[in-house]
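**Student:** Got a structure for you, data.cif, holding mmCIF, C-alpha atoms.
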```cif
data_final
#
loop_
_atom_site.label_atom_id
_atom_site.label_comp_id
_atom_site.auth_asym_id
_atom_site.auth_seq_id
_atom_site.Cartn_x
_atom_site.Cartn_y
_atom_site.Cartn_z
CA MET Y 15 -16.81 6.39 2.43
CA ALA Y 16 -14.92 9.47 3.56
CA ASN Y 17 -12.44 10.94 1.15
CA SER Y 18 -10.32 12.92 3.59
CA LEU Y 19 -8.65 12.36 6.91
CA LEU Y 20 -10.86 12.67 9.95
CA SER Y 21 -10.09 15.08 12.77
CA ILE Y 22 -10.68 14.38 16.44
CA ASN Y 23 -12.86 17.49 16.49
CA ASP Y 24 -15.23 15.86 13.98
CA LEU Y 25 -15.98 12.94 16.32
CA PRO Y 26 -18.89 12.87 18.79
CA GLN Y 27 -18.14 12.80 22.50
CA ILE Y 28 -19.13 9.34 23.71
CA PRO Y 29 -18.63 7.42 26.97
CA ASP Y 30 -16.55 4.26 27.31
CA ILE Y 31 -19.70 2.09 27.20
CA PRO Y 32 -22.26 2.25 24.34
CA HIS Y 33 -25.43 4.08 25.37
CA HIS Y 34 -28.41 1.69 25.08
CA PRO Y 35 -31.45 3.49 26.59
CA LYS Y 36 -34.23 1.28 27.97
CA GLY Y 37 -37.92 2.11 27.95
CA LEU Y 38 -37.39 5.07 25.64
CA THR Y 39 -39.97 5.96 23.00
CA PHE Y 40 -37.81 6.67 19.99
CA PRO Y 41 -38.93 9.57 17.77
CA LYS Y 42 -40.19 8.76 14.28
CA ARG Y 43 -38.89 10.09 10.99
CA SER Y 44 -40.74 10.30 7.67
CA PHE Y 45 -39.31 8.46 4.66
CA GLY Y 46 -40.59 8.72 1.09
CA GLU Y 47 -42.35 11.51 -0.82
CA LYS Y 48 -45.31 9.91 -2.60
CA LYS Y 49 -46.23 7.53 0.21
CA PRO Y 50 -44.46 8.72 3.36
CA VAL Y 51 -43.70 6.02 5.94
CA LEU Y 52 -42.78 6.70 9.55
CA ARG Y 53 -39.80 4.82 10.94
CA SER Y 54 -37.90 4.99 14.23
CA PHE Y 55 -34.93 3.41 15.94
CA GLN Y 56 -35.71 -0.02 17.42
CA ALA Y 57 -34.48 -1.12 20.86
CA ALA Y 58 -34.08 -4.67 19.53
CA TRP Y 59 -31.18 -3.47 17.40
CA PHE Y 60 -29.03 -3.07 20.51
CA LYS Y 61 -29.15 -6.82 21.07
CA ALA Y 62 -28.39 -7.68 17.45
CA TRP Y 63 -25.63 -5.06 17.06
CA SER Y 64 -24.08 -4.27 20.41
CA PHE Y 65 -21.60 -1.82 18.83
CA LEU Y 66 -24.39 0.74 18.29
CA TYR Y 67 -24.38 3.94 20.34
CA TYR Y 68 -27.60 5.99 20.38
CA ASP Y 69 -27.58 9.76 20.83
CA GLU Y 70 -30.95 10.68 22.40
CA GLY Y 71 -30.56 14.42 21.82
CA LYS Y 72 -29.91 14.08 18.06
CA ASP Y 73 -31.77 10.82 17.36
CA LEU Y 74 -28.66 9.43 15.69
CA ALA Y 75 -26.83 6.12 15.86
CA TYR Y 76 -23.04 5.75 15.80
CA CYS Y 77 -20.62 2.84 15.77
CA HIS Y 78 -19.14 2.96 19.25
CA ILE Y 79 -16.17 0.80 18.21
CA CYS Y 80 -15.24 3.01 15.26
CA VAL Y 81 -15.55 6.29 17.15
CA LYS Y 82 -13.49 5.02 20.08
CA GLY Y 83 -10.98 3.56 17.64
CA PHE Y 84 -10.39 6.97 16.07
CA ILE Y 85 -10.28 8.78 19.40
CA GLU Y 86 -7.71 6.30 20.77
CA ARG Y 87 -5.86 6.30 17.42
CA LYS Y 88 -6.27 2.56 16.90
CA MET Y 89 -7.68 2.94 13.40
CA LYS Y 90 -5.13 2.32 10.62
CA SER Y 91 -6.95 4.18 7.87
CA SER Y 92 -9.47 6.97 8.28
CA THR Y 93 -10.14 7.14 4.53
CA ARG Y 94 -12.17 3.93 4.78
CA ALA Y 95 -14.40 5.11 7.58
CA ASP Y 96 -18.13 5.49 6.92
CA PRO Y 97 -19.05 9.01 8.10
CA ALA Y 98 -22.65 7.90 8.74
CA PHE Y 99 -21.40 5.81 11.66
CA VAL Y 100 -18.42 7.92 12.75
CA THR Y 101 -19.06 11.66 12.35
CA LYS Y 102 -22.48 12.43 10.87
CA GLY Y 103 -24.51 9.76 12.63
CA PHE Y 104 -26.93 7.28 11.06
CA CYS Y 105 -30.68 7.95 10.95
CA THR Y 106 -31.99 6.24 7.80
CA TRP Y 107 -34.06 3.81 9.83
CA LYS Y 108 -35.81 2.28 6.81
CA ASP Y 109 -32.45 0.84 5.70
CA ALA Y 110 -31.05 0.25 9.17
CA THR Y 111 -30.87 -3.56 9.15
CA ARG Y 112 -28.99 -3.70 5.85
CA ALA Y 113 -26.68 -0.83 6.82
CA PHE Y 114 -25.86 -2.30 10.26
CA LYS Y 115 -24.96 -5.69 8.79
CA LYS Y 116 -22.81 -4.12 6.11
CA HIS Y 117 -21.00 -1.88 8.58
CA GLN Y 118 -20.25 -4.72 10.97
CA LEU Y 119 -18.60 -6.68 8.19
CA ILE Y 120 -16.59 -3.63 7.14
CA THR Y 121 -15.01 -3.14 10.56
CA ALA Y 122 -12.23 -5.59 9.73
CA ARG Y 123 -11.35 -3.57 6.60
CA GLN Y 124 -11.15 -0.39 8.66
CA GLY Y 125 -8.21 -1.72 10.66
CA ILE Y 126 -10.03 -2.26 13.97
CA PRO Y 127 -8.35 -4.92 16.13
CA ILE Y 128 -10.19 -8.24 15.89
CA ARG Y 129 -9.76 -8.89 19.61
CA GLY Y 130 -10.72 -6.53 22.39
CA ASP Y 131 -8.99 -5.79 25.67
CA GLY Y 132 -9.71 -8.41 28.29
CA ASP Y 133 -13.09 -10.08 27.71
CA ASP Y 134 -13.05 -11.92 24.37
CA SER Y 135 -16.82 -12.34 24.42
CA GLU Y 136 -17.23 -8.69 23.39
CA SER Y 137 -14.42 -8.70 20.83
CA ASN Y 138 -15.01 -7.87 17.18
CA PHE Y 139 -14.04 -11.43 16.24
CA ILE Y 140 -16.72 -13.03 18.42
CA GLN Y 141 -19.31 -10.46 17.39
CA LEU Y 142 -18.67 -11.20 13.71
CA LEU Y 143 -19.08 -14.92 14.42
CA LYS Y 144 -22.37 -14.18 16.17
CA LEU Y 145 -23.48 -12.20 13.14
CA SER Y 146 -22.76 -15.22 10.95
CA GLY Y 147 -24.65 -17.39 13.42
CA GLN Y 148 -27.84 -15.40 12.85
CA GLY Y 149 -28.27 -17.08 9.49
CA ASP Y 150 -26.48 -20.34 10.25
CA ALA Y 151 -27.95 -22.61 12.93
CA LYS Y 152 -24.80 -24.77 13.06
CA MET Y 153 -22.59 -21.75 13.67
CA ASP Y 154 -24.90 -20.53 16.43
CA GLU Y 155 -24.88 -23.99 18.03
CA TRP Y 156 -21.09 -24.13 17.81
CA LEU Y 157 -20.68 -20.76 19.57
CA LYS Y 158 -22.85 -21.95 22.46
CA LYS Y 159 -20.43 -24.77 23.23
CA LYS Y 160 -18.42 -24.48 26.43
CA THR Y 161 -15.27 -26.18 25.13
CA ASP Y 162 -13.57 -27.18 21.86
CA LYS Y 163 -14.72 -24.04 20.02
CA TYR Y 164 -11.24 -23.22 18.65
CA THR Y 165 -11.84 -19.49 19.11
CA SER Y 166 -8.96 -18.73 21.51
CA HIS Y 167 -6.32 -16.32 20.30
CA ASP Y 168 -3.59 -19.01 20.33
CA ILE Y 169 -5.55 -21.34 18.07
CA GLN Y 170 -6.66 -18.51 15.78
CA ASN Y 171 -3.08 -17.29 15.37
CA GLU Y 172 -1.98 -20.85 14.61
CA LEU Y 173 -4.71 -21.21 11.99
CA LEU Y 174 -3.65 -17.94 10.38
CA LYS Y 175 -0.04 -19.15 10.23
CA ILE Y 176 -1.13 -22.43 8.64
CA MET Y 177 -3.11 -20.55 5.98
CA ALA Y 178 -0.20 -18.18 5.35
CA GLN Y 179 2.21 -21.11 4.94
CA HIS Y 180 -0.20 -22.83 2.56
CA VAL Y 181 -0.31 -19.70 0.37
CA LEU Y 182 3.47 -19.35 0.53
CA ARG Y 183 3.99 -22.99 -0.53
CA SER Y 184 1.72 -22.52 -3.55
CA ILE Y 185 3.68 -19.40 -4.53
CA ALA Y 186 6.96 -21.30 -4.09
CA VAL Y 187 5.79 -24.03 -6.47
CA GLN Y 188 5.00 -21.43 -9.14
CA ILE Y 189 8.41 -19.80 -8.73
CA GLN Y 190 10.17 -23.19 -8.82
CA ASP Y 191 8.60 -23.89 -12.23
CA SER Y 192 10.17 -20.70 -13.63
CA ARG Y 193 13.47 -20.96 -15.45
CA PHE Y 194 14.86 -17.71 -14.04
CA VAL Y 195 13.83 -15.36 -11.22
CA THR Y 196 14.60 -11.82 -10.11
CA VAL Y 197 14.58 -10.79 -6.47
CA MET Y 198 13.37 -7.31 -5.50
CA ILE Y 199 14.39 -5.91 -2.10
CA ASP Y 200 12.97 -2.76 -0.53
CA GLU Y 201 13.91 -1.25 2.79
CA THR Y 202 11.48 0.16 5.35
CA THR Y 203 11.13 0.97 9.02
CA ASP Y 204 7.91 0.07 10.85
CA VAL Y 205 6.06 2.10 13.49
CA CYS Y 206 8.12 0.39 16.23
CA ASN Y 207 11.32 1.73 14.60
CA GLN Y 208 12.32 -1.79 13.54
CA GLU Y 209 14.25 -2.05 10.30
CA GLN Y 210 12.66 -4.45 7.82
CA VAL Y 211 13.10 -5.54 4.23
CA THR Y 212 10.38 -6.68 1.85
CA VAL Y 213 11.18 -9.59 -0.45
CA VAL Y 214 9.45 -9.92 -3.83
CA PHE Y 215 10.22 -12.43 -6.58
CA ARG Y 216 9.62 -11.54 -10.23
CA THR Y 217 9.15 -14.27 -12.85
CA VAL Y 218 7.94 -14.67 -16.43
CA ASP Y 219 5.69 -17.63 -17.26
CA ASP Y 220 5.39 -19.62 -20.50
CA LYS Y 221 2.91 -17.08 -21.88
CA LEU Y 222 5.43 -14.26 -21.31
CA ILE Y 223 3.28 -12.80 -18.53
CA VAL Y 224 5.27 -11.07 -15.81
CA ASN Y 225 4.37 -12.08 -12.24
CA GLU Y 226 5.51 -10.45 -9.02
CA GLU Y 227 4.97 -12.39 -5.79
CA PHE Y 228 5.31 -10.80 -2.35
CA ILE Y 229 7.06 -13.25 -0.04
CA GLY Y 230 7.18 -11.39 3.26
CA LEU Y 231 8.73 -8.84 5.60
CA TYR Y 232 11.97 -9.70 7.38
CA SER Y 233 13.45 -7.88 10.38
CA VAL Y 234 17.12 -6.96 10.04
CA ASP Y 235 19.69 -5.11 12.13
CA SER Y 236 21.02 -3.10 9.19
CA PHE Y 237 20.66 -2.65 5.44
CA THR Y 238 24.22 -3.55 4.44
CA ALA Y 239 24.99 -5.74 1.43
CA ASP Y 240 26.09 -8.64 3.65
CA VAL Y 241 22.85 -8.61 5.63
CA LEU Y 242 20.62 -8.42 2.55
CA THR Y 243 22.61 -11.19 0.86
CA ALA Y 244 22.03 -13.40 3.90
CA VAL Y 245 18.30 -12.64 3.77
CA ILE Y 246 18.08 -13.55 0.09
CA LYS Y 247 19.95 -16.83 0.61
CA ASP Y 248 17.76 -17.73 3.59
CA VAL Y 249 14.51 -17.00 1.71
CA MET Y 250 15.60 -18.99 -1.33
CA LEU Y 251 16.64 -21.91 0.87
CA ARG Y 252 13.26 -21.94 2.66
CA LEU Y 253 11.41 -21.81 -0.68
CA ASN Y 254 13.66 -24.56 -2.11
CA LEU Y 255 14.86 -22.30 -4.92
CA ALA Y 256 18.20 -22.88 -6.60
CA ILE Y 257 20.53 -19.90 -6.37
CA THR Y 258 21.53 -20.55 -10.00
CA LYS Y 259 18.05 -19.40 -11.09
CA LEU Y 260 18.65 -15.93 -9.66
CA ARG Y 261 19.47 -13.76 -12.67
CA GLY Y 262 18.39 -10.31 -11.47
CA GLN Y 263 18.54 -8.24 -8.28
CA CYS Y 264 16.72 -4.95 -7.65
CA TYR Y 265 17.33 -2.76 -4.62
CA ASP Y 266 15.96 0.57 -3.45
CA GLY Y 267 18.53 3.20 -2.59
CA CYS Y 268 22.31 3.07 -2.24
CA SER Y 269 22.60 1.63 1.25
CA THR Y 270 22.63 -1.84 -0.33
CA MET Y 271 25.88 -0.84 -2.03
CA SER Y 272 27.78 -0.22 1.21
CA GLY Y 273 29.84 -3.42 1.04
CA SER Y 274 33.60 -3.40 0.47
CA ARG Y 275 33.17 -4.48 -3.17
CA SER Y 276 30.01 -2.61 -4.06
CA ALA Y 277 28.94 -1.36 -7.49
CA SER Y 278 29.40 2.26 -6.36
CA ASP Y 279 32.99 1.58 -5.36
CA ALA Y 280 33.66 -0.14 -8.68
CA ILE Y 281 32.34 2.85 -10.62
CA LYS Y 282 34.34 5.31 -8.54
CA SER Y 283 37.54 3.33 -9.11
CA SER Y 284 37.12 3.52 -12.89
CA LYS Y 285 37.74 7.03 -14.19
CA ILE Y 286 36.18 6.25 -17.58
CA MET Y 287 32.93 4.94 -16.06
CA LYS Y 288 32.81 7.71 -13.50
CA ASP Y 289 33.32 10.47 -16.10
CA ALA Y 290 30.86 8.87 -18.54
CA LEU Y 291 28.06 8.66 -15.99
CA GLU Y 292 28.68 12.13 -14.59
CA THR Y 293 28.68 13.64 -18.09
CA THR Y 294 25.53 11.72 -19.01
CA HIS Y 295 23.83 12.93 -15.84
CA GLU Y 296 24.77 16.54 -16.59
CA ILE Y 297 23.60 16.34 -20.22
CA THR Y 298 20.24 14.83 -19.33
CA LYS Y 299 19.64 17.45 -16.62
CA LEU Y 300 20.51 20.35 -18.92
CA ILE Y 301 17.93 19.14 -21.44
CA LYS Y 302 15.12 17.70 -19.32
CA PHE Y 303 15.15 20.40 -16.64
CA SER Y 304 14.80 23.25 -19.12
CA PRO Y 305 11.62 23.54 -21.23
CA LYS Y 306 13.41 25.82 -23.74
CA ARG Y 307 16.37 23.49 -24.29
CA GLU Y 308 14.11 20.43 -24.45
CA ALA Y 309 12.01 22.17 -27.14
CA ILE Y 310 15.21 22.87 -29.13
CA PHE Y 311 16.31 19.26 -28.70
CA ARG Y 312 12.94 17.88 -29.85
CA ALA Y 313 13.09 19.99 -33.02
CA PHE Y 314 16.55 18.67 -33.97
CA LYS Y 315 15.51 15.12 -33.02
CA GLN Y 316 12.49 15.26 -35.32
CA GLU Y 317 14.68 16.44 -38.21
CA ASN Y 318 17.12 13.57 -37.62
CA ASP Y 319 14.29 11.03 -37.41
CA LEU Y 320 12.83 12.26 -40.71
CA GLU Y 321 16.21 12.08 -42.47
CA SER Y 322 16.93 8.57 -41.17
CA ASN Y 323 13.31 7.45 -41.56
CA SER Y 324 13.35 6.04 -38.03
CA SER Y 325 12.22 6.92 -34.52
CA SER Y 326 14.91 7.02 -31.85
CA ILE Y 327 14.28 7.05 -28.14
CA GLY Y 328 14.31 10.34 -26.30
CA ILE Y 329 16.55 11.66 -23.57
CA ARG Y 330 16.07 10.04 -20.15
CA VAL Y 331 17.38 11.61 -16.96
CA LEU Y 332 20.09 9.44 -15.44
CA CYS Y 333 19.37 8.47 -11.84
CA PRO Y 334 22.70 8.38 -9.95
CA THR Y 335 21.38 5.87 -7.36
CA ARG Y 336 19.79 3.33 -9.72
CA ARG Y 337 22.54 1.76 -11.79
CA THR Y 338 20.28 -0.76 -13.54
CA VAL Y 339 18.41 1.98 -15.43
CA SER Y 340 21.51 3.93 -16.50
CA ALA Y 341 21.55 2.13 -19.85
CA GLU Y 342 18.43 3.98 -21.05
CA SER Y 343 20.10 7.34 -20.47
CA LEU Y 344 23.27 6.24 -22.27
CA PHE Y 345 21.33 4.82 -25.23
CA GLY Y 346 19.28 8.01 -25.46
CA ILE Y 347 22.43 10.13 -25.88
CA LEU Y 348 24.16 7.71 -28.28
CA GLU Y 349 21.13 7.46 -30.59
CA ASN Y 350 20.63 11.25 -30.59
CA TYR Y 351 24.27 12.32 -30.45
CA SER Y 352 24.03 15.09 -33.04
CA ALA Y 353 20.81 16.55 -31.58
CA PRO Y 354 22.36 17.46 -28.19
CA MET Y 355 25.40 18.97 -29.95
CA HIS Y 356 23.16 21.28 -32.04
CA THR Y 357 21.12 22.01 -28.91
CA TRP Y 358 24.25 23.26 -27.07
CA ASP Y 359 25.24 25.54 -29.95
CA GLU Y 360 21.83 27.21 -30.09
CA ALA Y 361 21.41 27.32 -26.30
CA ILE Y 362 24.81 29.00 -25.87
CA SER Y 363 23.83 31.74 -28.31
CA VAL Y 364 20.83 32.68 -26.17
CA ALA Y 365 22.36 32.00 -22.72
CA ARG Y 366 21.97 35.02 -20.43
CA HIS Y 367 24.21 33.91 -17.56
CA GLU Y 368 27.93 33.18 -17.62
CA TYR Y 369 27.47 30.20 -15.29
CA MET Y 370 24.93 28.54 -17.61
CA GLU Y 371 27.14 29.23 -20.63
CA PHE Y 372 30.03 27.59 -18.75
CA ARG Y 373 27.89 24.49 -18.04
CA LEU Y 374 26.82 24.23 -21.67
CA ARG Y 375 30.40 24.47 -22.90
#
```
Take the structure I supplied and represent it as structure tokens, if you would.
**Tutor:**
Amino acid sequence: MANSLLSINDLPQIPDIPHHPKGLTFPKRSFGEKKPVLRSFQAAWFKAWSFLYYDEGKDLAYCHICVKGFIERKMKSSTRADPAFVTKGFCTWKDATRAFKKHQLITARQGIPIRGDGDDSESNFIQLLKLSGQGDAKMDEWLKKKTDKYTSHDIQNELLKIMAQHVLRSIAVQIQDSRFVTVMIDETTDVCNQEQVTVVFRTVDDKLIVNEEFIGLYSVDSFTADVLTAVIKDVMLRLNLAITKLRGQCYDGCSTMSGSRSASDAIKSSKIMKDALETTHEITKLIKFSPKREAIFRAFKQENDLESNSSSIGIRVLCPTRRTVSAESLFGILENYSAPMHTWDEAISVARHEYMEFRLR
């Protein structure tokens, strides 16, 4: 697999239709050192794997679907592409059958659309079914039917929804058995510029194993607290989860705090809380963002730990947008209160700038 992103310049220039030459005598290549064996491309492979494109001038085979997918920017991930079929070209004819089968099954993982444009008979979905039919007589017989094949896009989408709902119901049962749950909400915008939120439930089972279950993506008009609250209530109602089980909420960013009675507003309205958090943030930055001051702090902390015969937690930088993790920063300062004080005294004595001395004081 390729390890870097592919460039359009790396791709071969190919026509819209795969090149399948007829009546051509394919050149032979030698494989093996002790007992060399001559092998060449076989015309029969075009029938078995219609996605193949043959370059007569280079005696190389490419995956026409993959190359066109990259050129037309339909591929979701270029890091999964096999360069032998996309950029370098395939010519190891002695392993061709195995490699072609493997590559055809990998196309779904590469993000290529299952259905083609227009004629479904040449779509990746139908071609994969035909590949399965090569070793399964019943599958081959089923594909030859004129009606009742259940391969139309409407039926396939319905089957996918049924399977997704079945998985979701099994997840809901597991969450329902938990005594308490935590909901985790993350905000994102898709490629169509549609705002969405991801919903994840976190539970702890009887064996104290933490489980996180992804529930789904939900389109929203905004990321306000009222909107996200409505999403959470709707998801819990659909999963038949009691709201009384919800004991934790995790959000990404501060936009979720934009309601009229948000946590940010509550902190700002309390001078004690506001000053405490701002001071904690400043202390943690002065120590953690300076290697010299952190080295001084660690030395005093080690002395205190030896005297008390214990091991206290270190200093953690306070994140001003994640209120739920502020406790670690506060505990770090409280448990090491004397160490920062000694750190300031020594740091002030070696401070070279008036502004830094002012911050330390």
**Student:** Using the chain letters and residue numbers of this document, give as a list of chain:residue names the residues selected by the PyMOL selection byres ((chain Y and resi 108) around 9).
**Tutor:**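 Taken over the shown coordinates, the PyMOL selection byres ((chain Y and resi 108) around 9) returns Y:Phe45, Y:Val51, Y:Leu52, Y:Arg53, Y:Ser54, Y:Cys105, Y:Thr106, Y:Trp107, Y:Asp109, Y:Ala110, Y:Thr111.
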**Student:** As a count of residues only, please: the residues near stretch 163-167 of chain Y (cut-off 9 Å, all atoms listed in the file, same-chain neighbours under 3 positions excluded).
**Tutor:** 12
**Student:** Looking at only C-alpha atoms, which of Y:Val100, Y:Ile85, Y:Ile223, Y:Leu320 is the one that sits closest to Y:Phe65?
**Tutor:**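 Ranked by minimum distance to Y:Phe65, first place goes to Y:Val100.
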**Student:** For this file, the PyMOL selection byres ((chain Y and resi 295-310) around 9) selects which residues, as a PyMOL selection string?
**Tutor:** chain Y and resi 290-294+311-315+329-334+343+347+353-354+356-358+360-361+373-374
**Student:** Quote the spacing between atom CA of Y:Ala178 and atom CA of Y:His117 in Å to one decimal place.
**Tutor:**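 Rounded to one decimal, the two atoms are 26.6 Å apart.
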**Student:** Would you pick out the contacts of Y:Gly71 at 12 Å or less, using all atoms listed in the file, so that residues sharing its chain but fewer than 6 positions from it are not included, and give the list as a list in words?
**Tutor:**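 Returned residues: Pro35, Phe40, Pro41 and Gly103 of chain Y.
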**Student:** Which value, in Å to one decimal, gives the distance between atom CA of Y:Gln210 and atom CA of Y:Met177?
**Tutor:**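 Between atom CA of Y:Gln210 and atom CA of Y:Met177 the gap works out to 22.6 Å.
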**Student:** Taking only C-alpha atoms into account, which of Y:Thr243, Y:Ser236, Y:Gln316, Y:Asn254 comes nearest Y:Glu201?
**Tutor:** Y:Ser236
**Student:** If I take atom CA of Y:Tyr67 and atom CA of Y:Leu143, how far is one from the other in Å, to one decimal?
**Tutor:**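 We find that atom CA of Y:Tyr67 and atom CA of Y:Leu143 lie 20.5 Å from each other.
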**Student:** Could you pull out every residue with an atom within 10 Å of (-20.0, 8.0, 23.5), file coordinates, counting only C-alpha atoms, and send them as a list of chain:residue names?
**Tutor:**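 Returned residue set, sorted by chain then number, is Y:Leu25, Y:Pro26, Y:Gln27, Y:Ile28, Y:Pro29, Y:Asp30, Y:Ile31, Y:Pro32, Y:His33, Y:Leu66, Y:Tyr67, Y:Tyr68, Y:Asp69, Y:Tyr76, Y:Cys77, Y:His78, Y:Ile79, Y:Val81, Y:Lys82.
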**Student:** Using all atoms listed in the file, which of the listed residues (Y:Ser325, Y:Gln188, Y:Ser64, Y:Ser340) sits closest to Y:Leu253?
**Tutor:** Y:Gln188
